[in-house]
Amino acid sequence: MVIEVDAVTHRYGERTVLRDVTVTLTEQRVGVIGANGSGKSTFARLLNGLVLPSSGSVTVDGLSTRRSGAEVRRSVGFVFTDPDAQILMPTVAEDVAFGLRDLPRSEVPARVAEALASFGLAGHADHPAHLLSGGQKQLLAICSVLATEPKVLVCDEPTTLLDLRNTRKVLTLLAELPQRVVLVTHDLDAVLAMDRVLVFDDGRLVFDGRPQEAVEFYVDLVSR
């Protein structure tokens, strides 16, 4: 699957948050780093059409996020920083089932049970989703997205609200997924395991390369 971002600029009102970004993503693991306000989260949202470019284009295997947004989102799942913004249904099982509502009803219970078991949440199926621990909520958010079987998972700072134990659990999970992963993060150790790392600054893509070199570039950038 090829994700192409071509000459993209994005504005919120009069504020420009991305400036003339062009990049093609084909790697299995891509890290995205940058300071708060650098444009990295907007970039992430462009990849599955949650945000549309003010100018330029984003395509996923040739499908435009502007013209074929629903189809793109079936292939590119998105995990938010705060799982409470993503959990929609009262119970854990219902939340996973919500994303499967297009399947034949008879197939849903088995798919839900399989998904919950793979994330260690089988014992919480009937629990109130919003009363889970922070780590469990983030696992549920990822589980609910992956149950729909996307080819790519875009994660926008998924460990920001987690303690160290749950941060490691989520990062280990993401590292082991068969899906391609685009990870936006402030965790510089986490991106060292990526195949490629993008660095954003002031709305621009200012570095694109190997993880160690990207981290060194970023550390030097913020130290100036």
# chains A, B, ... in the order shown; residues from 1 in each chain; ligands from 1
call {"tool": "residues_around", "arguments": {"residues": "Ala70 in chain A", "least_positions_apart": "3", "cutoff": "9 Å", "atoms": "only C-alpha atoms", "output": "ChimeraX atom specification"}}
result
/A:48-49,65,67,73-74
call {"tool": "residues_around", "arguments": {"residues": "range 19-25 of chain A", "least_positions_apart": "2", "cutoff": "9 Å", "atoms": "only C-alpha atoms", "output": "ChimeraX atom specification"}}
result
/A:1-11,16-17,27-28,30,39,43,55-56,202-205,208
call {"tool": "residues_around", "arguments": {"residues": "Val182 in chain A", "least_positions_apart": "3", "cutoff": "9 Å", "atoms": "only C-alpha atoms", "output": "mmCIF file with N, CA, C and O atoms, in the first residue's frame"}}
result
data_model
loop_
_atom_site.group_PDB
_atom_site.id
_atom_site.type_symbol
_atom_site.label_atom_id
_atom_site.label_comp_id
_atom_site.auth_asym_id
_atom_site.auth_seq_id
_atom_site.Cartn_x
_atom_site.Cartn_y
_atom_site.Cartn_z
ATOM 1 N N GLN A 28 7.064 -0.414 6.363
ATOM 2 C CA GLN A 28 6.211 -1.101 7.327
ATOM 3 C C GLN A 28 6.032 -0.293 8.604
ATOM 4 O O GLN A 28 4.961 -0.306 9.207
ATOM 5 N N ARG A 29 7.065 0.396 9.050
ATOM 6 C CA ARG A 29 7.031 1.166 10.292
ATOM 7 C C ARG A 29 7.604 2.552 10.044
ATOM 8 O O ARG A 29 8.784 2.696 9.718
ATOM 9 N N VAL A 30 6.758 3.576 10.219
ATOM 10 C CA VAL A 30 7.193 4.962 10.016
ATOM 11 C C VAL A 30 6.938 5.739 11.296
ATOM 12 O O VAL A 30 5.822 5.734 11.826
ATOM 13 N N GLY A 31 7.963 6.405 11.806
ATOM 14 C CA GLY A 31 7.825 7.269 12.966
ATOM 15 C C GLY A 31 7.710 8.723 12.539
ATOM 16 O O GLY A 31 8.277 9.126 11.516
ATOM 17 N N VAL A 32 6.961 9.507 13.326
ATOM 18 C CA VAL A 32 6.787 10.932 13.045
ATOM 19 C C VAL A 32 7.025 11.689 14.348
ATOM 20 O O VAL A 32 6.341 11.442 15.344
ATOM 21 N N ALA A 44 -0.774 13.380 10.435
ATOM 22 C CA ALA A 44 -1.320 12.045 10.688
ATOM 23 C C ALA A 44 -2.781 11.967 10.267
ATOM 24 O O ALA A 44 -3.222 10.983 9.648
ATOM 25 N N VAL A 152 -3.388 -0.381 7.307
ATOM 26 C CA VAL A 152 -2.454 0.564 7.928
ATOM 27 C C VAL A 152 -3.088 1.100 9.203
ATOM 28 O O VAL A 152 -4.294 1.368 9.242
ATOM 29 N N LEU A 153 -2.285 1.268 10.245
ATOM 30 C CA LEU A 153 -2.754 1.857 11.497
ATOM 31 C C LEU A 153 -1.939 3.113 11.770
ATOM 32 O O LEU A 153 -0.715 3.062 11.904
ATOM 33 N N VAL A 154 -2.621 4.248 11.832
ATOM 34 C CA VAL A 154 -1.983 5.523 12.161
ATOM 35 C C VAL A 154 -2.286 5.822 13.628
ATOM 36 O O VAL A 154 -3.458 5.854 14.030
ATOM 37 N N CYS A 155 -1.253 6.038 14.416
ATOM 38 C CA CYS A 155 -1.418 6.266 15.861
ATOM 39 C C CYS A 155 -0.861 7.636 16.221
ATOM 40 O O CYS A 155 0.331 7.903 16.022
ATOM 41 N N ASP A 156 -1.712 8.498 16.758
ATOM 42 C CA ASP A 156 -1.307 9.855 17.118
ATOM 43 C C ASP A 156 -1.008 9.927 18.612
ATOM 44 O O ASP A 156 -1.919 10.073 19.429
#
call {"tool": "residues_around", "arguments": {"residues": "Val170 in chain A", "least_positions_apart": "4", "cutoff": "8 Å", "atoms": "only C-alpha atoms", "output": "ChimeraX atom specification"}}
result
/A:135,138-139,158-159,166,174
call {"tool": "write_last_selection", "arguments": {"atoms": "all heavy atoms", "output": "compact mmCIF listing (two decimals), in the first residue's frame"}}
result
# COMPACT_ATOMS: atom_id res chain seq x y z
N GLY A 135 -4.56 2.30 30.49
CA GLY A 135 -3.93 1.37 29.57
C GLY A 135 -4.93 0.47 28.88
O GLY A 135 -4.83 0.20 27.67
N GLN A 138 -6.75 2.33 26.12
CA GLN A 138 -5.99 2.48 24.88
C GLN A 138 -5.92 1.17 24.13
O GLN A 138 -6.00 1.14 22.89
CB GLN A 138 -4.58 3.03 25.18
CG GLN A 138 -3.85 3.55 23.96
CD GLN A 138 -4.57 4.66 23.24
OE1 GLN A 138 -5.54 4.42 22.50
NE2 GLN A 138 -4.14 5.91 23.45
N LEU A 139 -5.79 0.06 24.86
CA LEU A 139 -5.82 -1.24 24.20
C LEU A 139 -7.17 -1.47 23.52
O LEU A 139 -7.24 -2.01 22.41
CB LEU A 139 -5.54 -2.36 25.21
CG LEU A 139 -4.10 -2.47 25.72
CD1 LEU A 139 -4.02 -3.53 26.81
CD2 LEU A 139 -3.14 -2.81 24.59
N PRO A 158 -0.17 7.67 20.98
CA PRO A 158 -1.06 6.77 21.73
C PRO A 158 -0.61 6.46 23.15
O PRO A 158 -1.37 5.88 23.92
CB PRO A 158 -1.04 5.49 20.88
CG PRO A 158 0.32 5.50 20.24
CD PRO A 158 0.58 6.95 19.93
N THR A 159 0.63 6.86 23.52
CA THR A 159 1.12 6.56 24.87
C THR A 159 1.23 7.79 25.76
O THR A 159 1.67 7.69 26.90
CB THR A 159 2.50 5.87 24.79
OG1 THR A 159 3.44 6.76 24.18
CG2 THR A 159 2.43 4.58 23.99
N ASN A 166 2.20 0.63 30.90
CA ASN A 166 1.24 0.57 29.79
C ASN A 166 1.83 1.14 28.50
O ASN A 166 1.46 0.70 27.41
CB ASN A 166 -0.05 1.29 30.17
CG ASN A 166 -0.91 0.47 31.11
OD1 ASN A 166 -1.25 -0.67 30.81
ND2 ASN A 166 -1.25 1.02 32.26
N LEU A 174 2.22 -2.59 19.16
CA LEU A 174 2.33 -1.97 17.85
C LEU A 174 3.50 -2.55 17.05
O LEU A 174 3.40 -2.71 15.82
CB LEU A 174 2.51 -0.45 17.99
CG LEU A 174 1.32 0.31 18.59
CD1 LEU A 174 1.66 1.79 18.73
CD2 LEU A 174 0.06 0.13 17.75
call {"tool": "select_by_dssp", "arguments": {"residues": "range 132-220 of chain A", "states": "helix (DSSP H, G or I)", "output": "VMD selection string"}}
result
chain A and resid 134 to 146 164 to 176 188 to 191 211 to 220
call {"tool": "select_by_dssp", "arguments": {"residues": "range 77-177 of chain A", "states": "strand (DSSP E)", "output": "VMD selection string"}}
result
chain A and resid 77 to 79 152 to 156
call {"tool": "closest_atom_pairs", "arguments": {"of": "range 144-185 of chain A", "to": "range 91-113 of chain A", "cutoff": "7 Å", "atoms": "only C-alpha atoms", "output": "Markdown table"}}
result
| residue | atom | partner | partner_atom | distance |
| --- | --- | --- | --- | --- |
| A:Ser144 | CA | A:Val96 | CA | 4.4 |
| A:Ala147 | CA | A:Val96 | CA | 6.9 |
| A:Thr148 | CA | A:Gly99 | CA | 6.2 |
call {"tool": "decode", "arguments": {"residues": "range 47-71 of chain A", "atoms": "N, CA, C and O atoms", "output": "compact mmCIF listing (two decimals), in the first residue's frame"}}
result
# COMPACT_ATOMS: atom_id res chain seq x y z
N LEU A 47 -3.68 11.38 6.60
CA LEU A 47 -3.39 10.10 5.96
C LEU A 47 -4.61 9.22 5.78
O LEU A 47 -4.59 8.30 4.95
N ASN A 48 -5.67 9.46 6.57
CA ASN A 48 -6.89 8.68 6.32
C ASN A 48 -8.12 9.57 6.11
O ASN A 48 -9.25 9.11 6.21
N GLY A 49 -7.87 10.83 5.82
CA GLY A 49 -8.97 11.71 5.45
C GLY A 49 -9.74 12.32 6.61
O GLY A 49 -10.77 12.94 6.39
N LEU A 50 -9.25 12.17 7.84
CA LEU A 50 -9.89 12.87 8.95
C LEU A 50 -9.75 14.38 8.77
O LEU A 50 -10.60 15.15 9.21
N VAL A 51 -8.65 14.78 8.13
CA VAL A 51 -8.42 16.17 7.75
C VAL A 51 -8.14 16.18 6.25
O VAL A 51 -7.43 15.31 5.74
N LEU A 52 -8.71 17.14 5.55
CA LEU A 52 -8.47 17.28 4.11
C LEU A 52 -7.54 18.46 3.86
O LEU A 52 -7.63 19.48 4.54
N PRO A 53 -6.63 18.32 2.90
CA PRO A 53 -5.68 19.40 2.64
C PRO A 53 -6.37 20.65 2.10
O PRO A 53 -7.35 20.56 1.36
N SER A 54 -5.83 21.80 2.48
CA SER A 54 -6.31 23.06 1.90
C SER A 54 -5.86 23.17 0.46
O SER A 54 -6.55 23.74 -0.39
N SER A 55 -4.69 22.63 0.17
CA SER A 55 -4.20 22.53 -1.21
C SER A 55 -3.31 21.30 -1.29
O SER A 55 -2.78 20.82 -0.28
N GLY A 56 -3.12 20.78 -2.49
CA GLY A 56 -2.39 19.54 -2.66
C GLY A 56 -3.32 18.35 -2.52
O GLY A 56 -4.55 18.49 -2.44
N SER A 57 -2.75 17.15 -2.47
CA SER A 57 -3.56 15.94 -2.43
C SER A 57 -2.93 14.85 -1.59
O SER A 57 -1.70 14.81 -1.42
N VAL A 58 -3.78 13.96 -1.05
CA VAL A 58 -3.34 12.76 -0.34
C VAL A 58 -4.07 11.59 -0.98
O VAL A 58 -5.30 11.61 -1.11
N THR A 59 -3.30 10.57 -1.39
CA THR A 59 -3.90 9.38 -1.97
C THR A 59 -3.37 8.14 -1.27
O THR A 59 -2.23 8.10 -0.82
N VAL A 60 -4.23 7.12 -1.19
CA VAL A 60 -3.87 5.83 -0.62
C VAL A 60 -4.15 4.78 -1.69
O VAL A 60 -5.31 4.55 -2.06
N ASP A 61 -3.07 4.19 -2.21
CA ASP A 61 -3.19 3.28 -3.35
C ASP A 61 -4.03 3.90 -4.46
O ASP A 61 -4.89 3.25 -5.07
N GLY A 62 -3.78 5.18 -4.71
CA GLY A 62 -4.44 5.88 -5.80
C GLY A 62 -5.80 6.46 -5.46
O GLY A 62 -6.36 7.20 -6.27
N LEU A 63 -6.34 6.14 -4.27
CA LEU A 63 -7.64 6.68 -3.87
C LEU A 63 -7.46 8.01 -3.15
O LEU A 63 -6.71 8.11 -2.17
N SER A 64 -8.15 9.02 -3.60
CA SER A 64 -8.07 10.35 -3.00
C SER A 64 -8.83 10.39 -1.68
O SER A 64 -9.98 9.94 -1.60
N THR A 65 -8.20 10.94 -0.65
CA THR A 65 -8.91 11.10 0.62
C THR A 65 -10.06 12.09 0.49
O THR A 65 -11.02 12.04 1.26
N ARG A 66 -9.98 12.98 -0.48
CA ARG A 66 -11.05 13.96 -0.68
C ARG A 66 -12.26 13.34 -1.36
O ARG A 66 -13.40 13.60 -0.99
N ARG A 67 -12.03 12.49 -2.35
CA ARG A 67 -13.13 11.92 -3.13
C ARG A 67 -13.58 10.54 -2.64
O ARG A 67 -14.70 10.13 -2.92
N SER A 68 -12.69 9.83 -1.96
CA SER A 68 -12.99 8.44 -1.56
C SER A 68 -12.66 8.23 -0.09
O SER A 68 -12.07 7.22 0.29
N GLY A 69 -13.06 9.19 0.74
CA GLY A 69 -12.68 9.16 2.15
C GLY A 69 -13.12 7.91 2.89
O GLY A 69 -12.34 7.31 3.64
N ALA A 70 -14.35 7.48 2.68
CA ALA A 70 -14.86 6.31 3.40
C ALA A 70 -14.08 5.06 3.02
O ALA A 70 -13.74 4.24 3.89
N GLU A 71 -13.76 4.93 1.75
CA GLU A 71 -12.99 3.76 1.31
C GLU A 71 -11.57 3.80 1.86
O GLU A 71 -11.02 2.77 2.26
